[in-house]
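*Asks:* Take this structure first; my questions come after.
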Amino acid sequence: MQLASLTFVMLILPALLLIYYIIPKKIRQGYLILSGFLLYSWGNPARVLYPAAFLFYDYGVGLLLEKCRDRKILCRIILFGSVILQGTAMIWIRYTAEKNAFFPFGITIYTLQGLGYLIGVYQKRHRAAVNFCSLGLYLMMFPSLFAGSLFSYEDFAEQKQYKYLHVVFLGDGLSIFVRGLAEKVVLADTFGYIFGELQQIDPQNMSLLTAWLTTIVFSMYLYFELLGYAEMARGLGKCFGYDLPKNFHHPFFASGIEAFMQSWNITLASWFERNFSKVLKSKKNGLNYAVFLFMWMLMGLWYGIGIQFLLWGLAIGILLLFEKTFLKALIQKNYVFGMIYTGILPQFLWVLFFTENLTETACYWKSMIGFGNGIFDSTGIYFLVSYIPLILVGAYIATDLFGNIAERLTESEAGQKLTAVTPIFHGILFIFCLASMLYGERSEELLLWL
């Protein structure tokens with residue numbers, strides 16, 4: 001079940017919220033767990049066996065680590081075995097079943113959530129969950145299960161302790177959900193359509209302009225696709241009384257690769273920093289650098305299984321080390337240099353995400369530096385003229401400038417008066433999203449019929 005589908009938005013979500021707000025508080029936790037399993041098994045009940053197995057395994061191993069917490073060597077063996085077992089299962093399932101209709105989606109999310117929970121017990125950041133439902137809700141809360149974000153068990157347990165429901169949560173959550181829905185079905189889907197058209201062009205015959213348009217449009221598509229789902233999940237979490245962390249914070253036109261990555265998929269980097277980097281930290285800088293690069297290679301696998309995703313993660317890690325060692329002072333003194341440098345290099349790396357092999361990647365890179373089919377061509381000019389307004393709007397929304405203006409507007413006297421009409425704005429935006437979703441689903445049905 002997709003969060004950005006008409007069935008979920010118009011039928012399932014209203015029913016879920018209505019039942020949640022009228023049932024007794026003591027059974028709401030179980031209700032959310034059951035909802036997560038039901039939505040996960042939508043269309044294929046057998047699919048739910050994967051997260052159920054992970055849940056029971058993490059619950060049992062967590063209690064075992066708690067019982068053996070004073071026997072460090074035994075705990076290390078148990079934890080290491082769990083990391084190898086679950087990590088291998090995750091990679092194998094993603095590699096062999098990704099194109100299968102029965103592929104257990106979200107496996108990376110609940111695997112990392114579960115491993116983070118076990119590592120937290122091992123590091124004594126929190127106690128093992130004795131209440132099975134407590135861990136079940138942490139791993140199977142359907143908003144995060146479907147779209148991220150990653151968050152620690154200790155933060156979740158502390159939030160649960162003080163949780164209460166209020167209609168303000170519902171209003172704020174639905175507002176965030178609608179904005180995320182718009183980012184997905186309006187912006188991401190539109191950029192995805194444009195990218196699909198550009199990708200039909202042979203990269204060997206691309207001009208510099210067309211190659212750069214392809215990578216820029218792809219980066220816009222990827223950003224709004226991930227952002228839209230993350231914000232929908234955050235909004236739904238708030239509707240049910242939980243605060244999920246933001247996963248993106250206007251990364252484009254940041255000054256420096258480090259600043260960019262601190263605003264891009266924030267919770268993924270935080271998970272690896274909390275559960276991977278600190279565990280393997282050494283007094284030797286050389287070993288720390290190797291661990292750091294290996295960590296970023298693993299983060300590349302978050303986006304897909306294959307050598308190109310590993311290379312993306314490795315390249316980001318190398319750029320971060322290079323920037324920290326040689327460019328940090330220059331970037332701090334010259335913001336414009338950092339912004340230009342950050343705007344160019346990641347575009348080359350995004351090519352690794354959508355090409356089928358390194359030969360095709362090299363063709364795109366060749367065209368991007370001017371050794372393809374010239375500087376301009378009629379195709380590139382057509383796409384530039386047709387879509388430059390949308391690209392500029394998308395780039396503006398993805399920058400910190402948009403966020404700063406929005407925050408200042410809400411703090412001003414005029415902005416506070418505008419909050420009275422905010423529900424009307426979100427209502428119009430929601431209707432526009434429904435129209436876009438209806439058009440998209442009708443188009444898919446027409447294509448299948450043809």
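For the structure tokens, the naming scheme is as follows: chains receive sequential letters (A, B, ...) according to their order of presentation, residues are indexed from 1 within each chain, and ligands are indexed from 1 in presentation order.
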Give me the residues of region 195-285 of chain A that have any atom at most 8 Å from an atom of region 365-376 of chain A; for each, the nearest atom pair and the distance in Å, rounded to one decimal. Use only C-alpha atoms, sort by chain and number, and format it as CSV.

*Replies:*
```
residue,atom,partner,partner_atom,distance
A:Pro203,CA,A:Ser367,CA,7.3
A:Gln204,CA,A:Gly372,CA,6.3
A:Asn205,CA,A:Asn373,CA,5.2
A:Met206,CA,A:Asn373,CA,5.2
A:Ser207,CA,A:Asn373,CA,4.4
A:Leu208,CA,A:Ile375,CA,4.7
A:Leu209,CA,A:Phe376,CA,5.5
A:Thr210,CA,A:Phe376,CA,7.5
A:Ala211,CA,A:Met368,CA,5.5
A:Trp212,CA,A:Met368,CA,6.0
```

*Asks:* Using only C-alpha atoms, which residues sit within 12 Å of Leu64 (chain A) once same-chain residues fewer than 6 positions away are excluded, as a list in words?

*Replies:*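 Skipping anything fewer than 6 positions along the chain leaves Tyr57, Asp58, Asp70, Arg71, Leu74, Cys75, Arg76, Ile77, Ile78, Leu79, Ser82, Leu118, Val121, Tyr122, Arg127, Ala128, Ala129 and Val130 of chain A.
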
*Asks:* Would you kindly return, as a VMD selection string, each protein, DNA or RNA residue with an atom no farther than 10 Å from any atom of Ala188 (chain A), considering only C-alpha atoms and excluding same-chain residues fewer than 5 positions away?

*Replies:* chain A and resid 181 to 183 193 to 194 217 to 228 394

*Asks:* Could those selected residues go to a file with N, CA and C atoms, as a PDB file, in the first residue's frame?

*Replies:*
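Output file part.pdb is given in full below:
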```
ATOM      1  N   LEU A 181       2.657  15.220   0.450  1.00  0.00           N
ATOM      2  CA  LEU A 181       1.938  14.625  -0.681  1.00  0.00           C
ATOM      3  C   LEU A 181       2.130  15.473  -1.936  1.00  0.00           C
ATOM      4  N   ALA A 182       2.068  16.799  -1.784  1.00  0.00           N
ATOM      5  CA  ALA A 182       2.272  17.694  -2.927  1.00  0.00           C
ATOM      6  C   ALA A 182       3.694  17.578  -3.457  1.00  0.00           C
ATOM      7  N   GLU A 183       4.663  17.477  -2.556  1.00  0.00           N
ATOM      8  CA  GLU A 183       6.058  17.335  -2.998  1.00  0.00           C
ATOM      9  C   GLU A 183       6.246  16.042  -3.784  1.00  0.00           C
ATOM     10  N   TYR A 193       8.731  12.483 -14.710  1.00  0.00           N
ATOM     11  CA  TYR A 193       8.282  12.394 -16.101  1.00  0.00           C
ATOM     12  C   TYR A 193       9.305  13.051 -17.040  1.00  0.00           C
ATOM     13  N   ILE A 194       9.779  14.242 -16.670  1.00  0.00           N
ATOM     14  CA  ILE A 194      10.764  14.945 -17.508  1.00  0.00           C
ATOM     15  C   ILE A 194      12.046  14.126 -17.618  1.00  0.00           C
ATOM     16  N   VAL A 217      17.618  17.490 -13.402  1.00  0.00           N
ATOM     17  CA  VAL A 217      16.228  17.051 -13.269  1.00  0.00           C
ATOM     18  C   VAL A 217      16.158  15.784 -12.414  1.00  0.00           C
ATOM     19  N   PHE A 218      17.116  14.870 -12.594  1.00  0.00           N
ATOM     20  CA  PHE A 218      17.125  13.664 -11.764  1.00  0.00           C
ATOM     21  C   PHE A 218      17.322  13.999 -10.294  1.00  0.00           C
ATOM     22  N   SER A 219      18.249  14.902  -9.992  1.00  0.00           N
ATOM     23  CA  SER A 219      18.490  15.270  -8.596  1.00  0.00           C
ATOM     24  C   SER A 219      17.253  15.910  -7.971  1.00  0.00           C
ATOM     25  N   MET A 220      16.509  16.706  -8.775  1.00  0.00           N
ATOM     26  CA  MET A 220      15.254  17.286  -8.296  1.00  0.00           C
ATOM     27  C   MET A 220      14.215  16.189  -8.040  1.00  0.00           C
ATOM     28  N   TYR A 221      14.135  15.255  -8.972  1.00  0.00           N
ATOM     29  CA  TYR A 221      13.192  14.141  -8.806  1.00  0.00           C
ATOM     30  C   TYR A 221      13.518  13.334  -7.552  1.00  0.00           C
ATOM     31  N   LEU A 222      14.786  12.961  -7.399  1.00  0.00           N
ATOM     32  CA  LEU A 222      15.186  12.142  -6.253  1.00  0.00           C
ATOM     33  C   LEU A 222      14.914  12.870  -4.939  1.00  0.00           C
ATOM     34  N   TYR A 223      15.256  14.152  -4.900  1.00  0.00           N
ATOM     35  CA  TYR A 223      15.064  14.927  -3.675  1.00  0.00           C
ATOM     36  C   TYR A 223      13.592  14.998  -3.292  1.00  0.00           C
ATOM     37  N   PHE A 224      12.741  15.391  -4.223  1.00  0.00           N
ATOM     38  CA  PHE A 224      11.328  15.556  -3.882  1.00  0.00           C
ATOM     39  C   PHE A 224      10.623  14.221  -3.671  1.00  0.00           C
ATOM     40  N   GLU A 225      11.110  13.165  -4.306  1.00  0.00           N
ATOM     41  CA  GLU A 225      10.561  11.827  -4.056  1.00  0.00           C
ATOM     42  C   GLU A 225      10.838  11.410  -2.613  1.00  0.00           C
ATOM     43  N   LEU A 226      12.097  11.515  -2.190  1.00  0.00           N
ATOM     44  CA  LEU A 226      12.457  11.138  -0.830  1.00  0.00           C
ATOM     45  C   LEU A 226      11.864  12.090   0.199  1.00  0.00           C
ATOM     46  N   LEU A 227      11.929  13.384  -0.099  1.00  0.00           N
ATOM     47  CA  LEU A 227      11.376  14.384   0.819  1.00  0.00           C
ATOM     48  C   LEU A 227       9.874  14.206   0.983  1.00  0.00           C
ATOM     49  N   GLY A 228       9.174  13.997  -0.129  1.00  0.00           N
ATOM     50  CA  GLY A 228       7.721  13.865  -0.068  1.00  0.00           C
ATOM     51  C   GLY A 228       7.297  12.714   0.820  1.00  0.00           C
ATOM     52  N   GLY A 394      11.595  24.419  -8.375  1.00  0.00           N
ATOM     53  CA  GLY A 394      12.057  23.282  -7.589  1.00  0.00           C
ATOM     54  C   GLY A 394      13.360  23.568  -6.865  1.00  0.00           C
TER      55      GLY A 394
END
```

*Asks:* Ranking A:Ser5, A:Asn247, A:Gln332, A:Thr190 by minimum distance to Ile266 (chain A) and counting only C-alpha atoms, which one comes first?

*Replies:* A:Asn247

*Asks:* Between CA of Trp302 (chain A) and CA of Gly120 (chain A), what is the spacing in Å?

*Replies:* 20.8 Å

*Asks:* Would you mind writing down, as number ranges by chain, each residue of region 240-429 of chain A that DSSP on the backbone assigns to helix (DSSP H, G or I)?

*Replies:* A: 257-262, 266-277, 285-303, 307-333, 335-354, 358-368, 378-397, 400-411, 413-429

*Asks:* I'd like to know which of A:Gln159, A:Ile84, A:Phe142, A:Asn275 is closest to Gly116 (chain A), using only C-alpha atoms.

*Replies:*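 Using only C-alpha atoms, the shortest distance to Gly116 (chain A) belongs to A:Asn275.
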
*Asks:* Between A:Leu49, A:Leu170, A:Ile344, A:Ile119, which has the minimum distance to Leu18 (chain A) (counting only C-alpha atoms)?

*Replies:* A:Leu170

*Asks:* Which residue is closest to Pro346 (chain A)? Choose from A:Leu327, A:Leu319, A:Leu392, A:Leu38 and count only C-alpha atoms.

*Replies:*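 Smallest separation from Pro346 (chain A) among the options: A:Leu319.
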
*Asks:* My list of candidates is A:Ala269, A:Leu384, A:Ile27, A:Leu65. Which is closest to Met295 (chain A) when distances are computed with only C-alpha atoms?

*Replies:*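 Ranking A:Ala269, A:Leu384, A:Ile27, A:Leu65 by distance to Met295 (chain A), first place goes to A:Ala269.
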
*Asks:* Can you tell me how far CA of Leu429 (chain A) sits from CA of Asp189 (chain A), in Å to one decimal?

*Replies:* 15.6 Å

*Asks:* When you look at Asp172 (chain A) with a cut-off of 8 Å (counting only C-alpha atoms), what residues show up, excluding the ones that are within fewer than 2 positions of it in the same chain? I need them as a count of residues only.

*Replies:* 9

*Asks:* Go through A:Ile257, A:Leu6, A:Val291, A:Leu17 and flag the residue nearest Lys324 (chain A), using only C-alpha atoms for the distances.

*Replies:*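 Looking only at the distances to Lys324 (chain A), the closest residue turns out to be A:Ile257.
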